[in-house]
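**Q** File input33.pdb below, PDB, C-alpha atoms:
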ATOM      1  CA  MET A1254     -10.608   0.388 -21.402
ATOM      2  CA  THR A1255      -8.791  -2.803 -20.465
ATOM      3  CA  ASP A1256      -5.150  -3.774 -20.384
ATOM      4  CA  ALA A1257      -5.637  -5.440 -23.780
ATOM      5  CA  SER A1258      -4.428  -2.170 -25.332
ATOM      6  CA  VAL A1259      -0.928  -2.809 -23.985
ATOM      7  CA  GLN A1260       1.328  -4.689 -26.407
ATOM      8  CA  LEU A1261       2.478  -7.842 -24.650
ATOM      9  CA  PRO A1262       4.567 -10.780 -25.859
ATOM     10  CA  GLN A1263       2.179 -13.310 -27.335
ATOM     11  CA  THR A1264       1.938 -16.971 -26.399
ATOM     12  CA  THR A1265      -0.045 -19.512 -28.340
ATOM     13  CA  ALA A1266      -2.911 -21.384 -26.736
ATOM     14  CA  SER A1267      -0.922 -24.610 -26.817
ATOM     15  CA  GLU A1268       2.115 -22.974 -25.174
ATOM     16  CA  ALA A1269      -0.113 -21.548 -22.459
ATOM     17  CA  GLU A1270      -1.684 -24.958 -21.815
ATOM     18  CA  VAL A1271       1.734 -26.611 -21.570
ATOM     19  CA  ALA A1272       2.821 -23.966 -19.040
ATOM     20  CA  ARG A1273      -0.405 -24.336 -17.043
ATOM     21  CA  ALA A1274       0.066 -28.105 -16.925
ATOM     22  CA  ALA A1275       3.654 -27.612 -15.742
ATOM     23  CA  LEU A1276       2.505 -25.385 -12.882
ATOM     24  CA  GLY A1277      -0.139 -27.968 -12.029
ATOM     25  CA  ARG A1278       2.591 -30.586 -11.735
ATOM     26  CA  LEU A1279       4.587 -28.117  -9.657
ATOM     27  CA  ARG A1280       1.782 -27.737  -7.128
ATOM     28  CA  THR A1281       1.358 -31.516  -6.963
ATOM     29  CA  GLU A1282       5.084 -32.181  -6.494
ATOM     30  CA  VAL A1283       5.520 -29.581  -3.753
ATOM     31  CA  GLY A1284       2.312 -30.798  -2.093
ATOM     32  CA  LYS A1285       3.912 -34.230  -1.627
ATOM     33  CA  VAL A1286       6.505 -32.675   0.680
ATOM     34  CA  VAL A1287       4.647 -29.725   2.227
ATOM     35  CA  ILE A1288       1.467 -31.301   3.546
ATOM     36  CA  GLY A1289      -1.672 -29.351   4.393
ATOM     37  CA  GLN A1290      -0.569 -25.948   3.070
ATOM     38  CA  ASP A1291      -2.229 -25.959  -0.369
ATOM     39  CA  ALA A1292      -3.542 -22.391  -0.074
ATOM     40  CA  VAL A1293      -0.096 -21.082   0.867
ATOM     41  CA  LEU A1294       1.468 -22.970  -2.036
ATOM     42  CA  THR A1295      -1.080 -21.513  -4.464
ATOM     43  CA  SER A1296      -0.259 -18.029  -3.168
ATOM     44  CA  MET A1297       3.424 -18.630  -3.905
ATOM     45  CA  VAL A1298       2.621 -19.742  -7.466
ATOM     46  CA  ILE A1299       0.503 -16.606  -7.966
ATOM     47  CA  ALA A1300       3.406 -14.478  -6.741
ATOM     48  CA  LEU A1301       5.764 -16.175  -9.200
ATOM     49  CA  LEU A1302       3.288 -15.501 -12.015
ATOM     50  CA  CYS A1303       3.124 -11.824 -11.063
ATOM     51  CA  GLN A1304       6.859 -11.503 -10.277
ATOM     52  CA  GLY A1305       5.836 -10.321  -6.837
ATOM     53  CA  HIS A1306       7.163 -10.913  -3.356
ATOM     54  CA  VAL A1307       5.459 -12.790  -0.531
ATOM     55  CA  LEU A1308       5.424 -12.278   3.220
ATOM     56  CA  LEU A1309       4.636 -15.514   5.047
ATOM     57  CA  GLU A1310       3.517 -15.084   8.640
ATOM     58  CA  GLY A1311       3.033 -17.941  11.054
ATOM     59  CA  VAL A1312       4.348 -19.540  14.196
ATOM     60  CA  PRO A1313       7.622 -21.473  13.912
ATOM     61  CA  GLY A1314       7.346 -25.036  12.684
ATOM     62  CA  THR A1315       4.655 -24.627  10.022
ATOM     63  CA  ALA A1316       6.926 -25.558   7.072
ATOM     64  CA  LYS A1317       7.450 -22.024   5.721
ATOM     65  CA  THR A1318      11.140 -22.583   5.012
ATOM     66  CA  LEU A1319      10.529 -26.088   3.689
ATOM     67  CA  LEU A1320       7.922 -24.728   1.267
ATOM     68  CA  ILE A1321      10.347 -22.267  -0.330
ATOM     69  CA  ARG A1322      13.182 -24.785  -0.594
ATOM     70  CA  THR A1323      10.909 -27.409  -2.145
ATOM     71  CA  LEU A1324       9.385 -24.904  -4.562
ATOM     72  CA  ALA A1325      12.835 -23.866  -5.796
ATOM     73  CA  ALA A1326      13.880 -27.493  -6.244
ATOM     74  CA  ALA A1327      10.725 -28.397  -8.196
ATOM     75  CA  LEU A1328      11.202 -25.328 -10.440
ATOM     76  CA  SER A1329      14.954 -25.781 -11.019
ATOM     77  CA  LEU A1330      15.545 -22.263  -9.724
ATOM     78  CA  ASP A1331      18.572 -21.008  -7.832
ATOM     79  CA  SER A1332      17.627 -20.338  -4.227
ATOM     80  CA  LYS A1333      19.466 -18.820  -1.290
ATOM     81  CA  ARG A1334      18.508 -18.361   2.331
ATOM     82  CA  VAL A1335      19.365 -15.537   4.712
ATOM     83  CA  GLN A1336      18.687 -15.975   8.407
ATOM     84  CA  PHE A1337      17.821 -12.483   9.604
ATOM     85  CA  THR A1338      19.291 -11.824  13.051
ATOM     86  CA  PRO A1339      19.728  -8.675  15.187
ATOM     87  CA  ASP A1340      23.394  -8.345  14.170
ATOM     88  CA  LEU A1341      22.905  -8.832  10.404
ATOM     89  CA  MET A1342      24.259  -5.932   8.322
ATOM     90  CA  PRO A1343      22.885  -4.636   4.983
ATOM     91  CA  GLY A1344      26.044  -5.718   3.151
ATOM     92  CA  ASP A1345      25.478  -9.261   4.369
ATOM     93  CA  VAL A1346      22.343  -9.293   2.202
ATOM     94  CA  THR A1347      23.204  -7.185  -0.850
ATOM     95  CA  GLY A1348      26.945  -7.780  -1.090
ATOM     96  CA  SER A1349      29.788  -5.330  -0.585
ATOM     97  CA  LEU A1350      33.069  -4.053  -1.916
ATOM     98  CA  VAL A1351      36.042  -6.098  -0.745
ATOM     99  CA  TYR A1352      39.681  -5.047  -1.087
ATOM    100  CA  ASP A1353      41.751  -7.459  -3.156
ATOM    101  CA  ALA A1354      45.373  -7.240  -2.030
ATOM    102  CA  ARG A1355      46.638  -8.935  -5.194
ATOM    103  CA  SER A1356      45.130  -6.395  -7.574
ATOM    104  CA  ALA A1357      45.185  -3.520  -5.066
ATOM    105  CA  GLU A1358      41.575  -2.777  -6.035
ATOM    106  CA  PHE A1359      38.141  -3.110  -4.539
ATOM    107  CA  GLU A1360      35.924  -5.760  -6.095
ATOM    108  CA  PHE A1361      32.239  -6.407  -5.578
ATOM    109  CA  ARG A1362      31.245  -9.639  -3.945
ATOM    110  CA  GLU A1363      27.639 -10.545  -4.521
ATOM    111  CA  GLY A1364      25.428 -11.160  -1.527
ATOM    112  CA  PRO A1365      22.748 -13.841  -1.287
ATOM    113  CA  VAL A1366      20.226 -11.464  -2.874
ATOM    114  CA  PHE A1367      21.712 -12.415  -6.264
ATOM    115  CA  THR A1368      19.481 -15.435  -6.789
ATOM    116  CA  ASN A1369      16.090 -16.370  -8.251
ATOM    117  CA  LEU A1370      14.232 -17.194  -5.056
ATOM    118  CA  LEU A1371      15.494 -15.503  -1.910
ATOM    119  CA  LEU A1372      14.292 -16.870   1.400
ATOM    120  CA  ALA A1373      14.477 -14.032   3.922
ATOM    121  CA  ASP A1374      13.937 -16.095   7.043
ATOM    122  CA  GLU A1375      12.463 -14.335  10.088
ATOM    123  CA  ILE A1376      12.845 -10.935   8.457
ATOM    124  CA  ASN A1377      11.316  -9.172  11.452
ATOM    125  CA  ARG A1378      14.095 -10.309  13.774
ATOM    126  CA  THR A1379      16.570  -7.856  12.222
ATOM    127  CA  PRO A1380      16.573  -4.059  12.783
ATOM    128  CA  PRO A1381      14.925  -1.699  10.251
ATOM    129  CA  LYS A1382      18.282  -0.675   8.721
ATOM    130  CA  THR A1383      18.897  -4.212   7.485
ATOM    131  CA  GLN A1384      15.261  -4.761   6.573
ATOM    132  CA  ALA A1385      15.535  -1.707   4.313
ATOM    133  CA  SER A1386      18.472  -3.241   2.457
ATOM    134  CA  LEU A1387      15.925  -5.246   0.458
ATOM    135  CA  LEU A1388      13.856  -2.256  -0.661
ATOM    136  CA  GLU A1389      15.745  -1.483  -3.871
ATOM    137  CA  SER A1390      16.101  -5.115  -4.888
ATOM    138  CA  MET A1391      12.390  -5.794  -4.323
ATOM    139  CA  GLU A1392      11.195  -2.748  -6.247
ATOM    140  CA  GLU A1393      13.782  -2.251  -8.984
ATOM    141  CA  ARG A1394      15.340  -5.727  -9.258
ATOM    142  CA  GLN A1395      18.804  -4.290  -8.785
ATOM    143  CA  VAL A1396      21.348  -3.509  -6.093
ATOM    144  CA  THR A1397      23.346  -0.284  -6.023
ATOM    145  CA  VAL A1398      26.690  -0.370  -4.233
ATOM    146  CA  ASP A1399      29.130   2.551  -4.408
ATOM    147  CA  GLY A1400      26.893   4.229  -6.983
ATOM    148  CA  VAL A1401      26.956   1.287  -9.411
ATOM    149  CA  PRO A1402      23.620  -0.469 -10.091
ATOM    150  CA  ARG A1403      23.825  -4.237 -10.554
ATOM    151  CA  LYS A1404      20.913  -6.162 -12.050
ATOM    152  CA  LEU A1405      19.475  -9.169 -10.275
ATOM    153  CA  PRO A1406      18.666 -12.449 -12.052
ATOM    154  CA  ASP A1407      15.297 -13.018 -13.697
ATOM    155  CA  PRO A1408      13.071 -14.217 -12.155
ATOM    156  CA  PHE A1409      13.730 -12.685  -8.757
ATOM    157  CA  VAL A1410      11.259 -13.213  -5.930
ATOM    158  CA  VAL A1411      11.661 -12.584  -2.208
ATOM    159  CA  ALA A1412       9.813 -14.963   0.076
ATOM    160  CA  ALA A1413      10.116 -13.519   3.564
ATOM    161  CA  THR A1414       8.951 -15.295   6.685
ATOM    162  CA  GLN A1415       8.098 -13.562   9.910
ATOM    163  CA  ASN A1416       6.900 -14.559  13.319
ATOM    164  CA  PRO A1417       3.746 -12.963  14.734
ATOM    165  CA  LEU A1418       4.591  -9.548  16.154
ATOM    166  CA  GLU A1419       3.731 -10.532  19.709
ATOM    167  CA  PHE A1420       6.742 -12.856  19.714
ATOM    168  CA  GLU A1421       9.761 -11.624  21.668
ATOM    169  CA  GLY A1422      12.573  -9.950  19.745
ATOM    170  CA  THR A1423      10.655  -8.837  16.663
ATOM    171  CA  TYR A1424      10.827  -5.521  14.801
ATOM    172  CA  PRO A1425       7.633  -4.558  12.923
ATOM    173  CA  LEU A1426       8.214  -3.970   9.223
ATOM    174  CA  PRO A1427       7.565  -0.331   8.223
ATOM    175  CA  GLU A1428       4.544   0.369   6.021
ATOM    176  CA  ALA A1429       6.747   1.319   3.052
ATOM    177  CA  GLN A1430       8.393  -2.095   3.084
ATOM    178  CA  LEU A1431       5.152  -3.993   3.680
ATOM    179  CA  ASP A1432       3.757  -2.331   0.562
ATOM    180  CA  ARG A1433       6.570  -3.877  -1.504
ATOM    181  CA  PHE A1434       5.151  -7.338  -0.868
ATOM    182  CA  LEU A1435       2.557  -8.458  -3.380
ATOM    183  CA  LEU A1436       0.940 -10.834  -0.890
ATOM    184  CA  LYS A1437       0.889 -11.360   2.837
ATOM    185  CA  VAL A1438      -0.093 -14.940   3.551
ATOM    186  CA  ASP A1439      -1.049 -16.277   6.968
ATOM    187  CA  VAL A1440       0.409 -19.769   7.377
ATOM    188  CA  PRO A1441      -1.965 -21.725   9.618
ATOM    189  CA  LEU A1442      -1.302 -24.721  11.787
ATOM    190  CA  PRO A1443      -2.227 -27.888   9.880
ATOM    191  CA  SER A1444      -5.457 -29.757  10.446
ATOM    192  CA  ARG A1445      -5.378 -32.935  12.513
ATOM    193  CA  ASP A1446      -5.470 -35.138   9.412
ATOM    194  CA  ALA A1447      -2.660 -33.159   7.770
ATOM    195  CA  GLU A1448      -0.555 -33.306  10.925
ATOM    196  CA  LEU A1449      -1.039 -37.082  11.063
ATOM    197  CA  LYS A1450       0.266 -37.297   7.482
ATOM    198  CA  VAL A1451       3.279 -35.178   8.464
ATOM    199  CA  LEU A1452       4.062 -37.522  11.360
ATOM    200  CA  ALA A1453       3.610 -40.580   9.146
ATOM    201  CA  ALA A1454       6.068 -39.148   6.601
ATOM    202  CA  HIS A1455       8.672 -38.521   9.297
ATOM    203  CA  HIS A1456       8.025 -41.961  10.794
ATOM    204  CA  HIS A1457       8.811 -43.544   7.431
ATOM    205  CA  GLY A1458      12.108 -41.710   7.050
ATOM    206  CA  PHE A1459      11.334 -38.319   5.530
ATOM    207  CA  ASP A1460      14.157 -35.855   6.177
ATOM    208  CA  PRO A1461      13.224 -32.182   5.541
ATOM    209  CA  ARG A1462      16.924 -31.380   5.054
ATOM    210  CA  ASP A1463      17.198 -33.816   2.138
ATOM    211  CA  LEU A1464      15.156 -32.755  -0.890
ATOM    212  CA  SER A1465      16.953 -34.986  -3.381
ATOM    213  CA  ARG A1466      13.706 -36.844  -4.055
ATOM    214  CA  VAL A1467      11.941 -33.702  -5.231
ATOM    215  CA  GLU A1468      11.599 -33.858  -9.004
ATOM    216  CA  ALA A1469      12.147 -30.800 -11.190
ATOM    217  CA  VAL A1470       8.737 -30.782 -12.887
ATOM    218  CA  ALA A1471       8.782 -27.218 -14.273
ATOM    219  CA  THR A1472      11.387 -24.736 -15.470
ATOM    220  CA  ALA A1473      12.009 -21.011 -15.589
ATOM    221  CA  ALA A1474      10.927 -21.128 -19.250
ATOM    222  CA  ASP A1475       7.558 -22.599 -18.223
ATOM    223  CA  LEU A1476       7.229 -19.829 -15.673
ATOM    224  CA  ALA A1477       8.062 -17.130 -18.237
ATOM    225  CA  THR A1478       5.451 -18.507 -20.648
ATOM    226  CA  ALA A1479       2.879 -18.664 -17.865
ATOM    227  CA  ARG A1480       3.611 -15.063 -16.867
ATOM    228  CA  GLN A1481       3.024 -13.856 -20.416
ATOM    229  CA  ALA A1482      -0.205 -15.826 -20.696
ATOM    230  CA  ALA A1483      -1.530 -14.572 -17.343
ATOM    231  CA  ARG A1484      -0.928 -10.957 -18.356
ATOM    232  CA  THR A1485      -3.241 -11.350 -21.350
ATOM    233  CA  VAL A1486      -6.236 -12.418 -19.248
ATOM    234  CA  GLN A1487      -9.154 -10.108 -20.071
ATOM    235  CA  VAL A1488     -10.706  -7.781 -17.501
ATOM    236  CA  ALA A1489     -14.106  -6.246 -18.162
ATOM    237  CA  ASP A1490     -14.549  -2.559 -17.371
ATOM    238  CA  GLN A1491     -17.052  -3.406 -14.617
ATOM    239  CA  VAL A1492     -14.613  -5.789 -12.925
ATOM    240  CA  MET A1493     -11.778  -3.269 -13.169
ATOM    241  CA  GLY A1494     -14.102  -0.704 -11.615
ATOM    242  CA  TYR A1495     -14.869  -3.204  -8.852
ATOM    243  CA  VAL A1496     -11.155  -3.501  -8.032
ATOM    244  CA  VAL A1497     -10.904   0.276  -7.779
ATOM    245  CA  ASP A1498     -14.072   0.580  -5.685
ATOM    246  CA  VAL A1499     -12.881  -2.046  -3.200
ATOM    247  CA  CYS A1500      -9.549  -0.268  -2.706
ATOM    248  CA  ARG A1501     -11.163   3.163  -2.491
ATOM    249  CA  ALA A1502     -13.600   1.862   0.136
ATOM    250  CA  THR A1503     -10.661   1.001   2.395
ATOM    251  CA  ARG A1504      -9.559   4.643   2.269
ATOM    252  CA  THR A1505     -12.876   5.851   3.690
ATOM    253  CA  SER A1506     -13.363   3.135   6.311
ATOM    254  CA  PRO A1507     -13.756   4.721   9.763
ATOM    255  CA  SER A1508     -11.754   1.860  11.277
ATOM    256  CA  LEU A1509      -8.659   2.536   9.167
ATOM    257  CA  ALA A1510      -5.996   5.213   9.510
ATOM    258  CA  ALA A1511      -4.778   4.418   5.988
ATOM    259  CA  GLY A1512      -6.309   2.405   3.182
ATOM    260  CA  ALA A1513      -4.867   0.652   0.160
ATOM    261  CA  SER A1514      -2.958   2.886  -2.265
ATOM    262  CA  PRO A1515      -3.118   2.650  -6.075
ATOM    263  CA  ARG A1516      -0.236   0.183  -5.784
ATOM    264  CA  GLY A1517      -2.674  -2.007  -3.874
ATOM    265  CA  SER A1518      -5.289  -1.808  -6.631
ATOM    266  CA  THR A1519      -2.760  -2.703  -9.338
ATOM    267  CA  ALA A1520      -1.570  -5.601  -7.178
ATOM    268  CA  LEU A1521      -5.140  -6.842  -6.696
ATOM    269  CA  LEU A1522      -5.737  -6.691 -10.441
ATOM    270  CA  ALA A1523      -2.549  -8.662 -11.138
ATOM    271  CA  THR A1524      -3.233 -11.384  -8.565
ATOM    272  CA  ALA A1525      -6.850 -11.766  -9.714
ATOM    273  CA  LYS A1526      -5.648 -12.226 -13.312
ATOM    274  CA  ALA A1527      -3.077 -14.815 -12.222
ATOM    275  CA  TRP A1528      -5.668 -16.748 -10.227
ATOM    276  CA  ALA A1529      -8.129 -16.648 -13.142
ATOM    277  CA  TRP A1530      -5.454 -18.023 -15.493
ATOM    278  CA  LEU A1531      -4.477 -20.775 -13.052
ATOM    279  CA  SER A1532      -8.172 -21.677 -12.851
ATOM    280  CA  GLY A1533      -8.275 -22.173 -16.613
ATOM    281  CA  ARG A1534     -10.075 -18.963 -17.598
ATOM    282  CA  ASP A1535      -9.031 -16.093 -19.844
ATOM    283  CA  TYR A1536     -11.167 -13.527 -17.997
ATOM    284  CA  VAL A1537     -11.429 -12.238 -14.424
ATOM    285  CA  THR A1538     -14.618 -12.545 -12.381
ATOM    286  CA  PRO A1539     -15.601 -10.570  -9.262
ATOM    287  CA  ASP A1540     -15.109 -13.797  -7.285
ATOM    288  CA  ASP A1541     -11.447 -13.807  -8.339
ATOM    289  CA  VAL A1542     -11.098 -10.314  -6.901
ATOM    290  CA  LYS A1543     -12.797 -11.365  -3.656
ATOM    291  CA  ALA A1544     -10.617 -14.463  -3.350
ATOM    292  CA  LEU A1545      -7.386 -12.440  -3.554
ATOM    293  CA  ALA A1546      -8.498  -9.320  -1.643
ATOM    294  CA  ARG A1547      -7.362 -10.539   1.771
ATOM    295  CA  PRO A1548      -3.806 -11.671   0.966
ATOM    296  CA  THR A1549      -3.245  -8.745  -1.415
ATOM    297  CA  LEU A1550      -4.557  -5.947   0.802
ATOM    298  CA  ARG A1551      -4.310  -7.051   4.456
ATOM    299  CA  HIS A1552      -0.793  -5.662   4.854
ATOM    300  CA  ARG A1553      -1.563  -2.418   2.990
ATOM    301  CA  ILE A1554      -4.147  -1.075   5.422
ATOM    302  CA  VAL A1555      -3.478   0.465   8.828
ATOM    303  CA  LEU A1556      -6.003   0.113  11.639
ATOM    304  CA  ARG A1557      -6.828   2.997  13.939
ATOM    305  CA  PRO A1558      -5.697   2.354  17.549
ATOM    306  CA  GLU A1559      -9.258   2.501  18.842
ATOM    307  CA  ALA A1560     -10.339  -0.092  16.257
ATOM    308  CA  GLU A1561      -7.571  -2.410  17.402
ATOM    309  CA  LEU A1562      -8.694  -1.985  21.004
ATOM    310  CA  ASP A1563     -12.184  -2.971  19.924
ATOM    311  CA  GLY A1564     -10.792  -6.192  18.461
ATOM    312  CA  ALA A1565     -10.914  -5.256  14.779
ATOM    313  CA  THR A1566      -8.562  -7.071  12.394
ATOM    314  CA  PRO A1567      -7.430  -6.251   8.838
ATOM    315  CA  ASP A1568      -9.227  -9.321   7.491
ATOM    316  CA  GLY A1569     -12.400  -8.367   9.317
ATOM    317  CA  ILE A1570     -12.308  -4.865   7.870
ATOM    318  CA  LEU A1571     -11.727  -6.247   4.370
ATOM    319  CA  ASP A1572     -14.659  -8.636   4.788
ATOM    320  CA  SER A1573     -16.854  -5.660   5.711
ATOM    321  CA  VAL A1574     -15.622  -3.727   2.683
ATOM    322  CA  LEU A1575     -16.334  -6.649   0.347
ATOM    323  CA  ALA A1576     -19.799  -7.012   1.862
ATOM    324  CA  THR A1577     -20.670  -3.335   1.269
ATOM    325  CA  VAL A1578     -19.128  -2.631  -2.154
ATOM    326  CA  PRO A1579     -21.660  -3.597  -4.864
ATOM    327  CA  THR A1580     -20.555  -6.637  -6.855
ATOM    328  CA  PRO A1581     -20.884  -6.235 -10.638
ATOM    329  CA  ARG A1582     -23.101  -8.760 -12.410
TER
END
Please lay out the structure from this file as structure tokens.
**A**
Amino acid sequence: MTDASVQLPQTTASEAEVARAALGRLRTEVGKVVIGQDAVLTSMVIALLCQGHVLLEGVPGTAKTLLIRTLAAALSLDSKRVQFTPDLMPGDVTGSLVYDARSAEFEFREGPVFTNLLLADEINRTPPKTQASLLESMEERQVTVDGVPRKLPDPFVVAATQNPLEFEGTYPLPEAQLDRFLLKVDVPLPSRDAELKVLAAHHHGFDPRDLSRVEAVATAADLATARQAARTVQVADQVMGYVVDVCRATRTSPSLAAGASPRGSTALLATAKAWAWLSGRDYVTPDDVKALARPTLRHRIVLRPEAELDGATPDGILDSVLATVPTPR
């Protein structure tokens, strides 16, 4: 049984093609500003298609913040940025009740979480209490203050950046919060050629603080149409079984203390469908599943201490799993 049995809003083939072309222009436009990070950009587009959140990990200076700002500008989406610091409080993110002396009543003032694309910059530099302030908004798309739930705008996506955990002054995200992220994307240092292009752009006057030249080449309506179209991508029973088998294999790996949960398997299915649709297909292949397994599952598995001491990594374990689970033909 496939997800075709679920009644979804229908888009015509022409509407889907228009939306796909718009997202193609989006990737091209953002790529003009953020050089050498095409894979990271594609991951962000997949997250937008799935209405999922992304954790971007990399050393400072690899254009993580610039990517999110440029993406919001090219999509005509409202975007806000929160710099996570050790003294940041939960109310600074979600909003809080403020006493109005004129009306002698408390009124709610929205925090920066009330936006379409929230950039949670250096999320692992703030203590767990403030990190947890995003849990409800990420899972339920709402914020509850003083017992009153308040809906967030649609779309709503959190793009959180974090420094590698060996950096000074970082607080590891708890497993429950990591699991709320659809993807964890490693942001690499650019290649030599890409870095030369970055320097040339700066030499000729590019200012990363001024994005006025970024054209709005897609809209929230294009994104909504694309989301509907991606959801209707077909998944054969064998491929759906492959997704399940890959996730179940992580739960029995001797190197892992915890494997991917069913939330991980549903996430892998969703990202594989989004990638298939972006690639111009209306069906998922096992290669789509393999392509998205690392970013979708690497943050959902927990290594045993002895495996870490032996030099094992989440990506290495996932590669071993993919190599041992039979691929459907």
**Q** What residues come out when you apply the PyMOL selection byres ((chain A and resi 1281) around 12) to this file, written as a PyMOL selection string?
**A** chain A and resi 1274-1280+1282-1291+1294-1295+1298+1323-1324+1327+1467-1471
**Q** Report as a VMD selection string the residues that result from applying the PyMOL selection byres ((chain A and resi 1524-1541) around 6) to the structure here.
**A** chain A and resid 1299 1483 1486 to 1488 1521 to 1523 1542 to 1544
**Q** Output C-alpha atoms for every residue in the selection just made, as a short mmCIF file (atom, residue, chain, number, x, y, z; two decimals), in the frame of the given file.
**A**
data_model
loop_
_atom_site.label_atom_id
_atom_site.label_comp_id
_atom_site.auth_asym_id
_atom_site.auth_seq_id
_atom_site.Cartn_x
_atom_site.Cartn_y
_atom_site.Cartn_z
CA ILE A 1299 0.50 -16.61 -7.97
CA ALA A 1483 -1.53 -14.57 -17.34
CA VAL A 1486 -6.24 -12.42 -19.25
CA GLN A 1487 -9.15 -10.11 -20.07
CA VAL A 1488 -10.71 -7.78 -17.50
CA LEU A 1521 -5.14 -6.84 -6.70
CA LEU A 1522 -5.74 -6.69 -10.44
CA ALA A 1523 -2.55 -8.66 -11.14
CA VAL A 1542 -11.10 -10.31 -6.90
CA LYS A 1543 -12.80 -11.36 -3.66
CA ALA A 1544 -10.62 -14.46 -3.35
#
**Q** Please tabulate, as a Markdown table, the residues of stretch 1390-1419 of chain A that come within 9 Å of stretch 1305-1315 of chain A, each with its closest pair of atoms and the distance in Å to one decimal, counting only C-alpha atoms and ordering rows by chain, then residue number upward.
**A**
| residue | atom | partner | partner_atom | distance |
| --- | --- | --- | --- | --- |
| A:Met1391 | CA | A:His1306 | CA | 7.4 |
| A:Phe1409 | CA | A:Gly1305 | CA | 8.5 |
| A:Val1410 | CA | A:His1306 | CA | 5.4 |
| A:Val1411 | CA | A:His1306 | CA | 4.9 |
| A:Ala1412 | CA | A:Val1307 | CA | 4.9 |
| A:Ala1413 | CA | A:Leu1308 | CA | 4.9 |
| A:Thr1414 | CA | A:Leu1309 | CA | 4.6 |
| A:Gln1415 | CA | A:Glu1310 | CA | 5.0 |
| A:Asn1416 | CA | A:Gly1311 | CA | 5.6 |
| A:Pro1417 | CA | A:Gly1311 | CA | 6.2 |
**Q** Could you work out how far atom CA of A:Thr1338 lies from atom CA of A:Asp1374, giving the answer in Å with one decimal?
**A**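 One can read the atom CA of A:Asp1374 to atom CA of A:Thr1338 distance as 9.1 Å.
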**Q** For a test of reading the model, state the distance in Å between atom CA of A:Asp1340 and atom CA of A:Thr1379, rounded to one decimal.
**A** 7.1 Å
**Q** Can you turn the PyMOL selection byres ((chain A and resi 1430) around 9) into a concrete residue list for this file, as a list in words?
**A**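 Taken on the displayed file, the PyMOL selection byres ((chain A and resi 1430) around 9) yields the residues Gln1384, Ala1385, Leu1387, Leu1388, Leu1426, Pro1427, Glu1428, Ala1429, Leu1431, Asp1432, Arg1433 and Phe1434 of chain A.
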**Q** Of the candidates A:Val1346, A:Cys1500, A:Ala1482, A:Ala1560, which shows the shortest atom-to-atom distance to A:Glu1270, using all atoms listed in the file?
**A**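 Looking only at the distances to A:Glu1270, the closest residue turns out to be A:Ala1482.
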**Q** Just the residues within 8 Å of A:Val1293, please, counting only C-alpha atoms, with nothing from its chain fewer than 5 positions along; format it as a ChimeraX atom specification.
**A** /A:1438-1440
**Q** When you count all atoms listed in the file, which of these residues is closest to A:Thr1549: A:Ser1514, A:Ser1573, A:Ser1390, A:Thr1264?
**A**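 Smallest separation from A:Thr1549 among the options: A:Ser1514.
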**Q** Calculated over all atoms listed in the file, which of the candidates A:Pro1365, A:Leu1371, A:Ala1474, A:Ala1454 has the smallest distance to A:Pro1343?
**A**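 Of A:Pro1365, A:Leu1371, A:Ala1474, A:Ala1454, the one nearest A:Pro1343, counting all atoms listed in the file, is A:Pro1365.
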**Q** So which one's closest to A:Ala1316, A:Leu1452, A:Leu1545, A:Leu1442, A:Leu1372? Using only C-alpha atoms, please.
**A**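 Residue with the minimum atom-to-atom distance to A:Ala1316: A:Leu1442.
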**Q** So, with all atoms listed in the file as the atoms that count, which of A:Val1366, A:Leu1301, A:Ala1489, A:Ala1513 lies closest to A:Asp1345?
**A**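 Ranking A:Val1366, A:Leu1301, A:Ala1489, A:Ala1513 by distance to A:Asp1345, first place goes to A:Val1366.
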**Q** Choose the residue, out of A:His1552, A:Arg1557, A:Arg1501, A:Arg1403, that has the smallest atom-to-atom separation from A:Leu1575; count all atoms listed in the file.
**A**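 Selected residue with least distance to A:Leu1575: A:Arg1501.
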**Q** Tell me, as a list of chain:residue names, which residues lie within 7 Å of A:Gly1512, counting all atoms listed in the file; anything in the same chain fewer than 4 positions away does not count.
**A**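 Answer for this query is A:Thr1503, A:Arg1504, A:Arg1553, A:Ile1554, A:Val1555.
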